[in-house]
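The file query36.cif contains mmCIF, C-alpha atoms:
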```
data_run
#
loop_
_atom_site.group_PDB
_atom_site.id
_atom_site.type_symbol
_atom_site.label_atom_id
_atom_site.label_comp_id
_atom_site.auth_asym_id
_atom_site.auth_seq_id
_atom_site.Cartn_x
_atom_site.Cartn_y
_atom_site.Cartn_z
ATOM 1 C CA MET A 1 7.289 21.084 0.325
ATOM 2 C CA ILE A 2 10.052 21.511 -2.232
ATOM 3 C CA GLY A 3 10.987 24.758 -0.537
ATOM 4 C CA MET A 4 11.327 23.001 2.821
ATOM 5 C CA LEU A 5 13.512 20.301 1.342
ATOM 6 C CA ALA A 6 15.735 22.870 -0.264
ATOM 7 C CA VAL A 7 16.118 24.757 3.013
ATOM 8 C CA THR A 8 16.891 21.704 5.184
ATOM 9 C CA GLY A 9 19.150 20.280 2.477
ATOM 10 C CA CYS A 10 21.118 23.478 2.481
ATOM 11 C CA VAL A 11 21.460 23.592 6.274
ATOM 12 C CA THR A 12 22.770 20.028 6.623
ATOM 13 C CA SER A 13 25.247 20.145 3.756
ATOM 14 C CA LYS A 14 26.991 23.353 4.789
ATOM 15 C CA PRO A 15 30.376 22.289 6.174
ATOM 16 C CA TYR A 16 31.242 23.301 9.707
ATOM 17 C CA ASP A 17 34.031 25.797 10.313
ATOM 18 C CA TYR A 18 36.462 24.002 12.637
ATOM 19 C CA THR A 19 39.004 26.845 12.914
ATOM 20 C CA ILE A 20 38.330 27.488 16.619
ATOM 21 C CA PHE A 21 38.166 23.778 17.385
ATOM 22 C CA HIS A 22 41.583 23.203 15.795
ATOM 23 C CA ALA A 23 43.026 26.116 17.752
ATOM 24 C CA HIS A 24 41.858 24.624 21.089
ATOM 25 C CA PRO A 25 41.399 20.868 20.575
ATOM 26 C CA PRO A 26 39.832 19.450 23.753
ATOM 27 C CA HIS A 27 40.995 16.263 25.499
ATOM 28 C CA SER A 28 38.300 16.014 28.121
ATOM 29 C CA ILE A 29 34.600 16.841 28.174
ATOM 30 C CA VAL A 30 32.299 17.364 31.116
ATOM 31 C CA VAL A 31 28.691 16.764 30.099
ATOM 32 C CA LEU A 32 26.285 18.732 32.268
ATOM 33 C CA PRO A 33 22.758 17.397 32.834
ATOM 34 C CA PRO A 34 20.746 18.650 29.831
ATOM 35 C CA LEU A 35 18.370 21.571 30.122
ATOM 36 C CA ASN A 36 14.920 20.186 29.477
ATOM 37 C CA GLN A 37 12.462 22.330 27.544
ATOM 38 C CA SER A 38 10.106 19.420 26.911
ATOM 39 C CA THR A 39 7.145 18.639 29.158
ATOM 40 C CA ASP A 40 8.529 15.208 30.082
ATOM 41 C CA ILE A 41 10.400 15.457 33.391
ATOM 42 C CA LYS A 42 12.361 12.284 32.567
ATOM 43 C CA GLY A 43 14.269 14.143 29.845
ATOM 44 C CA THR A 44 17.314 15.451 31.714
ATOM 45 C CA TYR A 45 18.503 12.132 33.153
ATOM 46 C CA GLY A 46 17.041 9.926 30.425
ATOM 47 C CA TYR A 47 19.323 11.751 28.005
ATOM 48 C CA LEU A 48 22.361 12.323 30.261
ATOM 49 C CA SER A 49 22.969 8.578 30.581
ATOM 50 C CA THR A 50 23.366 8.129 26.806
ATOM 51 C CA VAL A 51 26.085 10.709 26.069
ATOM 52 C CA THR A 52 29.218 9.166 27.605
ATOM 53 C CA ARG A 53 29.566 6.258 25.208
ATOM 54 C CA PRO A 54 29.468 8.103 21.867
ATOM 55 C CA LEU A 55 31.864 10.808 23.100
ATOM 56 C CA ALA A 56 34.300 8.342 24.662
ATOM 57 C CA GLU A 57 34.261 6.181 21.542
ATOM 58 C CA MET A 58 35.132 9.296 19.548
ATOM 59 C CA GLY A 59 38.285 9.536 21.641
ATOM 60 C CA TYR A 60 37.481 11.925 24.514
ATOM 61 C CA TYR A 61 37.826 11.555 28.228
ATOM 62 C CA VAL A 62 34.274 12.002 29.526
ATOM 63 C CA PHE A 63 33.932 12.837 33.210
ATOM 64 C CA PRO A 64 31.674 10.501 35.220
ATOM 65 C CA VAL A 65 28.249 12.064 34.610
ATOM 66 C CA ALA A 66 26.492 10.845 37.765
ATOM 67 C CA GLU A 67 29.348 11.920 40.047
ATOM 68 C CA VAL A 68 29.595 15.372 38.434
ATOM 69 C CA ASP A 69 25.831 15.764 38.887
ATOM 70 C CA GLN A 70 26.125 14.689 42.536
ATOM 71 C CA LEU A 71 29.023 17.072 43.188
ATOM 72 C CA MET A 72 27.028 19.983 41.741
ATOM 73 C CA LYS A 73 23.986 19.083 43.840
ATOM 74 C CA GLU A 74 26.106 18.887 47.003
ATOM 75 C CA ASN A 75 27.363 22.373 46.170
ATOM 76 C CA GLY A 76 23.891 23.882 46.140
ATOM 77 C CA LEU A 77 23.002 23.479 42.460
ATOM 78 C CA PRO A 78 19.975 21.186 42.366
ATOM 79 C CA THR A 79 18.830 21.775 38.777
ATOM 80 C CA ALA A 80 20.300 21.549 35.301
ATOM 81 C CA GLY A 81 19.417 25.222 34.808
ATOM 82 C CA GLU A 82 21.596 26.237 37.759
ATOM 83 C CA MET A 83 24.421 23.914 36.692
ATOM 84 C CA HIS A 84 24.490 25.517 33.245
ATOM 85 C CA GLN A 85 25.126 28.890 34.931
ATOM 86 C CA VAL A 86 28.329 27.795 36.691
ATOM 87 C CA PRO A 87 31.196 30.038 35.530
ATOM 88 C CA LEU A 88 33.789 28.291 33.379
ATOM 89 C CA ASP A 89 36.701 29.107 35.702
ATOM 90 C CA LYS A 90 34.853 27.260 38.513
ATOM 91 C CA ILE A 91 34.423 24.221 36.248
ATOM 92 C CA GLY A 92 38.129 24.329 35.454
ATOM 93 C CA GLU A 93 39.038 24.631 39.128
ATOM 94 C CA ILE A 94 36.661 22.006 40.569
ATOM 95 C CA ILE A 95 36.451 19.418 37.781
ATOM 96 C CA GLY A 96 39.539 20.133 35.700
ATOM 97 C CA ALA A 97 37.693 19.720 32.408
ATOM 98 C CA ASP A 98 38.997 21.486 29.329
ATOM 99 C CA SER A 99 35.597 21.631 27.654
ATOM 100 C CA VAL A 100 31.933 21.614 28.678
ATOM 101 C CA LEU A 101 29.092 20.132 26.664
ATOM 102 C CA TYR A 102 25.842 22.030 27.178
ATOM 103 C CA ILE A 103 22.809 20.160 25.869
ATOM 104 C CA THR A 104 19.290 21.541 25.551
ATOM 105 C CA LEU A 105 16.420 19.162 24.905
ATOM 106 C CA ARG A 106 13.855 20.879 22.772
ATOM 107 C CA LYS A 107 11.754 17.749 22.455
ATOM 108 C CA TYR A 108 11.742 14.584 24.538
ATOM 109 C CA GLY A 109 8.886 12.137 24.750
ATOM 110 C CA SER A 110 6.132 10.240 23.046
ATOM 111 C CA LYS A 111 2.966 11.413 21.409
ATOM 112 C CA TYR A 112 0.212 8.819 21.580
ATOM 113 C CA GLU A 113 -2.280 8.548 18.802
ATOM 114 C CA VAL A 114 -5.201 6.159 18.313
ATOM 115 C CA ILE A 115 -3.256 3.025 17.466
ATOM 116 C CA SER A 116 0.380 4.037 17.611
ATOM 117 C CA SER A 117 2.827 6.416 19.218
ATOM 118 C CA VAL A 118 5.688 8.515 17.942
ATOM 119 C CA THR A 119 8.707 9.225 20.122
ATOM 120 C CA THR A 120 10.791 12.272 19.310
ATOM 121 C CA VAL A 121 14.010 13.621 20.776
ATOM 122 C CA THR A 122 15.453 16.933 19.582
ATOM 123 C CA ALA A 123 18.713 18.085 21.139
ATOM 124 C CA ASP A 124 20.926 21.136 20.681
ATOM 125 C CA ALA A 125 24.518 20.776 21.821
ATOM 126 C CA LYS A 126 27.305 23.281 22.337
ATOM 127 C CA LEU A 127 30.894 22.424 23.246
ATOM 128 C CA VAL A 128 32.645 25.306 25.001
ATOM 129 C CA ASP A 129 36.359 25.717 25.726
ATOM 130 C CA VAL A 130 36.864 26.211 29.470
ATOM 131 C CA LYS A 131 39.946 28.456 29.185
ATOM 132 C CA THR A 132 38.677 30.895 26.553
ATOM 133 C CA GLY A 133 34.892 30.528 26.653
ATOM 134 C CA LEU A 134 34.899 30.065 22.890
ATOM 135 C CA THR A 135 32.392 27.735 21.245
ATOM 136 C CA LEU A 136 34.434 24.860 19.806
ATOM 137 C CA TRP A 137 31.549 23.098 18.106
ATOM 138 C CA GLU A 138 27.780 23.111 18.060
ATOM 139 C CA GLY A 139 25.125 20.962 16.494
ATOM 140 C CA THR A 140 21.501 19.946 16.592
ATOM 141 C CA ALA A 141 19.713 16.687 15.853
ATOM 142 C CA THR A 142 16.281 15.125 15.861
ATOM 143 C CA ALA A 143 15.605 11.419 16.146
ATOM 144 C CA GLN A 144 12.199 9.869 15.855
ATOM 145 C CA GLN A 145 10.754 6.397 16.204
ATOM 146 C CA SER A 146 7.176 5.175 15.877
ATOM 147 C CA SER A 147 5.808 2.326 17.947
ATOM 148 C CA GLY A 148 5.578 0.167 14.818
ATOM 149 C CA ASP A 149 9.342 0.263 14.250
ATOM 150 C CA SER A 150 11.183 -2.860 15.268
ATOM 151 C CA GLY A 151 14.223 -3.076 17.486
ATOM 152 C CA GLY A 152 13.556 -0.180 19.829
ATOM 153 C CA SER A 153 15.920 -1.222 22.565
ATOM 154 C CA ILE A 154 19.595 -0.397 22.247
ATOM 155 C CA ILE A 155 20.639 -2.579 25.141
ATOM 156 C CA GLY A 156 23.499 -4.665 23.850
ATOM 157 C CA ALA A 157 24.086 -8.376 24.241
ATOM 158 C CA LEU A 158 26.781 -7.709 26.843
ATOM 159 C CA VAL A 159 24.352 -6.231 29.325
ATOM 160 C CA THR A 160 23.382 -8.362 32.290
ATOM 161 C CA ALA A 161 19.815 -9.680 32.230
ATOM 162 C CA ALA A 162 18.961 -8.255 35.659
ATOM 163 C CA VAL A 163 19.994 -4.788 34.457
ATOM 164 C CA THR A 164 17.999 -5.155 31.238
ATOM 165 C CA GLN A 165 14.956 -5.977 33.337
ATOM 166 C CA VAL A 166 15.265 -2.834 35.456
ATOM 167 C CA VAL A 167 15.954 -0.668 32.382
ATOM 168 C CA ASN A 168 12.892 -2.045 30.621
ATOM 169 C CA SER A 169 10.737 -1.506 33.696
ATOM 170 C CA ALA A 170 11.487 2.216 33.397
ATOM 171 C CA THR A 171 9.482 2.188 30.120
ATOM 172 C CA ASP A 172 10.822 5.391 28.639
ATOM 173 C CA PRO A 173 11.049 4.981 24.857
ATOM 174 C CA ALA A 174 12.629 8.440 24.537
ATOM 175 C CA HIS A 175 15.668 7.121 26.432
ATOM 176 C CA ASP A 176 16.380 4.698 23.561
ATOM 177 C CA VAL A 177 15.708 7.362 20.962
ATOM 178 C CA SER A 178 18.239 9.608 22.745
ATOM 179 C CA SER A 179 21.047 7.313 21.596
ATOM 180 C CA MET A 180 19.865 7.700 18.008
ATOM 181 C CA ALA A 181 19.797 11.467 18.481
ATOM 182 C CA ASN A 182 23.390 11.391 19.758
ATOM 183 C CA PHE A 183 24.522 9.468 16.732
ATOM 184 C CA GLN A 184 22.971 12.050 14.425
ATOM 185 C CA LEU A 185 24.272 14.878 16.565
ATOM 186 C CA PHE A 186 27.941 13.876 16.771
ATOM 187 C CA THR A 187 28.628 12.053 13.509
ATOM 188 C CA PRO A 188 27.106 13.888 10.510
ATOM 189 C CA LYS A 189 29.576 14.308 7.687
ATOM 190 C CA ASN A 190 31.187 17.780 7.533
ATOM 191 C CA ARG A 191 29.305 18.987 10.624
ATOM 192 C CA GLY A 192 30.011 16.418 13.317
ATOM 193 C CA LEU A 193 32.297 16.535 16.303
ATOM 194 C CA LEU A 194 35.930 15.735 15.404
ATOM 195 C CA TYR A 195 37.821 12.789 16.909
ATOM 196 C CA GLY A 196 39.599 13.229 20.220
ATOM 197 C CA PRO A 197 43.045 12.078 21.426
ATOM 198 C CA TYR A 198 42.075 8.503 22.409
ATOM 199 C CA PHE A 199 40.642 7.668 18.992
ATOM 200 C CA PRO A 200 42.952 5.149 17.245
ATOM 201 C CA LYS A 201 44.990 7.007 14.628
ATOM 202 C CA ASP A 202 44.769 4.177 12.086
ATOM 203 C CA LYS A 203 40.960 4.368 12.067
ATOM 204 C CA GLN A 204 40.679 8.087 11.338
ATOM 205 C CA GLN A 205 39.518 8.850 7.843
ATOM 206 C CA MET B 1 9.588 -22.117 3.084
ATOM 207 C CA ASN B 2 11.876 -20.801 0.378
ATOM 208 C CA ASN B 3 10.550 -17.376 1.086
ATOM 209 C CA GLN B 4 11.360 -17.681 4.779
ATOM 210 C CA LYS B 5 14.899 -18.754 4.006
ATOM 211 C CA GLY B 6 15.216 -15.821 1.671
ATOM 212 C CA ILE B 7 14.071 -13.413 4.374
ATOM 213 C CA LEU B 8 16.462 -14.961 6.892
ATOM 214 C CA PHE B 9 19.341 -14.637 4.454
ATOM 215 C CA LEU B 10 18.439 -11.038 3.715
ATOM 216 C CA SER B 11 18.208 -10.074 7.379
ATOM 217 C CA LEU B 12 21.566 -11.709 8.080
ATOM 218 C CA ALA B 13 23.027 -9.792 5.176
ATOM 219 C CA VAL B 14 21.615 -6.546 6.598
ATOM 220 C CA VAL B 15 23.071 -7.319 10.045
ATOM 221 C CA ALA B 16 26.455 -8.037 8.441
ATOM 222 C CA LEU B 17 26.300 -4.786 6.515
ATOM 223 C CA VAL B 18 25.296 -2.689 9.516
ATOM 224 C CA THR B 19 27.867 -4.184 11.892
ATOM 225 C CA GLY B 20 30.458 -4.125 9.123
ATOM 226 C CA CYS B 21 30.170 -0.361 8.905
ATOM 227 C CA GLN B 22 30.920 0.192 12.578
ATOM 228 C CA SER B 23 34.488 0.071 13.787
ATOM 229 C CA PRO B 24 34.876 -1.997 16.962
ATOM 230 C CA ASP B 25 34.484 -0.147 20.242
ATOM 231 C CA ILE B 26 37.589 1.099 22.010
ATOM 232 C CA TYR B 27 36.169 0.166 25.426
ATOM 233 C CA TYR B 28 34.318 -2.646 27.143
ATOM 234 C CA TRP B 29 31.065 -0.916 28.120
ATOM 235 C CA GLY B 30 29.159 -3.678 29.852
ATOM 236 C CA ASN B 31 26.455 -2.163 32.046
ATOM 237 C CA TYR B 32 27.974 1.214 32.937
ATOM 238 C CA GLU B 33 25.612 3.578 31.083
ATOM 239 C CA ASN B 34 22.533 1.516 31.901
ATOM 240 C CA LEU B 35 23.447 1.604 35.590
ATOM 241 C CA VAL B 36 23.769 5.393 35.412
ATOM 242 C CA TYR B 37 20.364 5.493 33.733
ATOM 243 C CA ILE B 38 18.569 3.371 36.330
ATOM 244 C CA THR B 39 20.272 5.282 39.168
ATOM 245 C CA TYR B 40 17.892 8.075 38.188
ATOM 246 C CA ALA B 41 14.997 6.207 36.557
ATOM 247 C CA LYS B 42 14.642 3.407 39.121
ATOM 248 C CA PRO B 43 16.581 4.484 42.223
ATOM 249 C CA GLY B 44 14.828 1.920 44.412
ATOM 250 C CA LYS B 45 16.132 -0.928 42.286
ATOM 251 C CA ALA B 46 19.544 0.509 41.390
ATOM 252 C CA THR B 47 20.904 0.152 44.932
ATOM 253 C CA PRO B 48 24.667 0.548 45.438
ATOM 254 C CA GLU B 49 24.842 -3.168 46.398
ATOM 255 C CA PHE B 50 23.212 -4.208 43.117
ATOM 256 C CA GLN B 51 25.337 -1.862 41.032
ATOM 257 C CA VAL B 52 28.609 -2.922 42.682
ATOM 258 C CA GLN B 53 27.822 -6.578 42.006
ATOM 259 C CA VAL B 54 27.155 -5.862 38.325
ATOM 260 C CA MET B 55 30.224 -3.622 37.917
ATOM 261 C CA GLU B 56 32.601 -6.058 39.634
ATOM 262 C CA ALA B 57 31.430 -8.709 37.151
ATOM 263 C CA ASP B 58 32.019 -6.225 34.300
ATOM 264 C CA VAL B 59 35.606 -5.703 35.454
ATOM 265 C CA HIS B 60 36.260 -9.423 34.967
ATOM 266 C CA LYS B 61 34.435 -9.511 31.623
ATOM 267 C CA ALA B 62 36.529 -6.603 30.371
ATOM 268 C CA ILE B 63 39.704 -8.498 31.250
ATOM 269 C CA SER B 64 38.410 -11.584 29.388
ATOM 270 C CA ALA B 65 37.513 -9.395 26.417
ATOM 271 C CA ASN B 66 40.980 -7.795 26.596
ATOM 272 C CA LYS B 67 39.501 -4.296 26.394
ATOM 273 C CA PRO B 68 39.927 -1.280 28.662
ATOM 274 C CA LEU B 69 37.058 -0.056 30.825
ATOM 275 C CA PRO B 70 35.521 3.230 29.648
ATOM 276 C CA PRO B 71 35.998 6.746 31.055
ATOM 277 C CA GLY B 72 34.003 7.166 34.245
ATOM 278 C CA PHE B 73 33.690 3.458 35.054
ATOM 279 C CA HIS B 74 36.162 3.359 37.940
ATOM 280 C CA ALA B 75 34.923 6.714 39.248
ATOM 281 C CA HIS B 76 31.337 5.425 39.346
ATOM 282 C CA LEU B 77 32.366 2.166 41.020
ATOM 283 C CA GLY B 78 34.411 4.150 43.530
ATOM 284 C CA TYR B 79 31.450 6.350 44.371
ATOM 285 C CA LEU B 80 29.302 3.239 44.929
ATOM 286 C CA TYR B 81 31.920 1.815 47.332
ATOM 287 C CA TYR B 82 31.888 5.143 49.145
ATOM 288 C CA GLN B 83 28.095 4.927 49.490
ATOM 289 C CA LEU B 84 28.534 1.478 51.023
ATOM 290 C CA GLY B 85 31.038 2.859 53.536
ATOM 291 C CA LYS B 86 34.034 1.147 51.895
ATOM 292 C CA ALA B 87 36.344 4.152 51.737
ATOM 293 C CA ASP B 88 39.517 2.155 51.028
ATOM 294 C CA LEU B 89 37.988 0.451 47.984
ATOM 295 C CA ALA B 90 36.552 3.781 46.848
ATOM 296 C CA LEU B 91 39.999 5.371 47.022
ATOM 297 C CA GLN B 92 41.485 2.528 44.964
ATOM 298 C CA GLU B 93 38.913 3.041 42.220
ATOM 299 C CA PHE B 94 39.447 6.825 42.110
ATOM 300 C CA GLN B 95 43.175 6.189 41.773
ATOM 301 C CA LYS B 96 42.548 3.694 38.941
ATOM 302 C CA GLU B 97 40.450 6.255 37.071
ATOM 303 C CA LYS B 98 43.243 8.805 37.474
ATOM 304 C CA ALA B 99 45.945 6.356 36.362
ATOM 305 C CA GLN B 100 44.006 5.295 33.271
ATOM 306 C CA PHE B 101 42.889 8.836 32.383
ATOM 307 C CA PRO B 102 45.186 11.590 33.701
ATOM 308 C CA GLU B 103 42.543 14.144 32.536
ATOM 309 C CA SER B 104 40.488 13.091 35.568
ATOM 310 C CA ALA B 105 43.211 13.963 38.125
ATOM 311 C CA ILE B 106 41.645 17.133 39.576
ATOM 312 C CA LEU B 107 38.212 15.565 40.039
ATOM 313 C CA MET B 108 39.566 12.251 41.347
ATOM 314 C CA ASP B 109 41.816 14.032 43.866
ATOM 315 C CA ARG B 110 38.789 16.053 44.986
ATOM 316 C CA LEU B 111 36.616 12.937 45.406
ATOM 317 C CA SER B 112 39.467 11.181 47.229
ATOM 318 C CA ALA B 113 39.912 14.146 49.578
ATOM 319 C CA ASN B 114 36.166 14.131 50.289
ATOM 320 C CA LEU B 115 36.461 10.520 51.451
ATOM 321 C CA ALA B 116 38.874 11.556 54.157
ATOM 322 C CA LYS B 117 36.527 14.333 55.334
ATOM 323 C CA LYS B 118 33.433 12.174 55.674
#
```

Translate the structure of the given file into structure tokens.
Amino acid sequence: MIGMLAVTGCVTSKPYDYTIFHAHPPHSIVVLPPLNQSTDIKGTYGYLSTVTRPLAEMGYYVFPVAEVDQLMKENGLPTAGEMHQVPLDKIGEIIGADSVLYITLRKYGSKYEVISSVTTVTADAKLVDVKTGLTLWEGTATAQQSSGDSGGSIIGALVTAAVTQVVNSATDPAHDVSSMANFQLFTPKNRGLLYGPYFPKDKQQ
Amino acid sequence: MNNQKGILFLSLAVVALVTGCQSPDIYYWGNYENLVYITYAKPGKATPEFQVQVMEADVHKAISANKPLPPGFHAHLGYLYYQLGKADLALQEFQKEKAQFPESAILMDRLSANLAKK
């Protein structure tokens, strides 16, 4: 147990080397539908719809995820696996993005036990520079919530009641946990993604 | 009774602490991400008509809140107009996305050109 703590403690505290990122700071990010290695087929799109907000609030232009997905499908790429194989020069030519975020879901879903359930989302993310193919940043995060925890839903007060109703009828607790995973993925100290050009200068630490 | 008040005070204090730590959002998000979510999770209910109604209301709320709409919002609304056969409104939204975020120019020009083809 102590050994495990020491190992994980070491991994999280090691600062990230941002040399490549600083050499090619991205302005725009295209987020491809995540590769889903979990057994829950809802993973790819349950997660995809949670990534725009954290990245945009960090100051990046994030391409419209549903329209990018649709464009890829219309061009004969029906699955996330095929989309992740698209050459970078094609992404530059068709979408005009200067970086691509590739996400792999290692875990997505709930495990039901006798009286409770635990929902886990584990995501690996890799941000790649379109022009050079270099990895600008990568990270991994796990978020977990048990059915006893309060305040599962992340739907804000601004959201229209009719939308809330449809979202809740989808009953996918891992969708909510995905937002927690994003937070842990993008914002850990010394390892997180750096702020982009639209982030207010006066708020940067 | 005292105990209840104490708990209420504590939870308010926690809320204040948590929200205090977050800097205010740059954008007015409204329903955008949730609409994207239900497009896939509940396609039967997330019809273009329903989504357009919700997003048009969000446009007004964003103006009242004096905040810009987020990346992708106008592109998504434009695509919904296209699905409803309203090509002129779709084109307007793609142009708004491009004007607000010049990074989107290549994709918005492509989507606009596709409108003319279909």

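The result of the PyMOL selection byres ((chain A) within 7 of (chain B)) on the shown file is Ser28, Tyr45, Gly46, Ser49, Thr50, Ala56, Glu57, Tyr61, Val62, Phe63, Pro64, Ala66, Glu67, Ile94, Ile95, Gly96, Leu158, Val159, Thr160, Val167 and Ala170 of chain A.
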
*Taking the file as shown, find all residues satisfying the PyMOL selection byres ((chain A and resi 35) around 10) and write them as a list in words.*
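So the PyMOL selection byres ((chain A and resi 35) around 10), applied here, picks out Leu32, Pro33, Pro34, Asn36, Gln37, Ser38, Gly43, Thr44, Tyr45, Thr79, Ala80, Gly81, Glu82, Met83, His84, Tyr102, Ile103, Thr104, Leu105, Arg106, Ala123 and Asp124 of chain A.
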
Restricting to all atoms listed in the file, whichever of A:Phe199, A:Trp137, A:Phe21, A:Tyr108 is closest to Ala125 in chain A is A:Trp137

Shortest interatomic distance to Pro54 in chain A - which of A:Val68, A:Ile29, A:Ile41, A:Ala97, counting all atoms listed in the file: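 Nearest candidate to Pro54 in chain A out of A:Val68, A:Ile29, A:Ile41, A:Ala97: A:Ile29.
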
So that I can check the surroundings of Val121 in chain A, please list as a list in words every protein, DNA and RNA residue that reaches within 7 Å of it, counting all atoms listed in the file and ignoring chain neighbours fewer than 3 positions away. Lys107, Tyr108, Gly109, Thr142, Ala143, Gln144, Ala174, Val177, Ser178 and Ala181 of chain A

| message | Just the number, please: distance in Å from CA of Pro15 in chain A to CA of Asn190 in chain A, one decimal. | response |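 Computing it gives 4.8 Å between the two atoms.
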
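Minimum atom-to-atom distance to Lys126 in chain A, evaluated using only C-alpha atoms, belongs to A:Val100 out of A:Leu55, A:Val100, A:Met180, A:Val86.
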
The distance between CA of Leu134 in chain A and CA of Ser179 in chain A is 26.7 Å
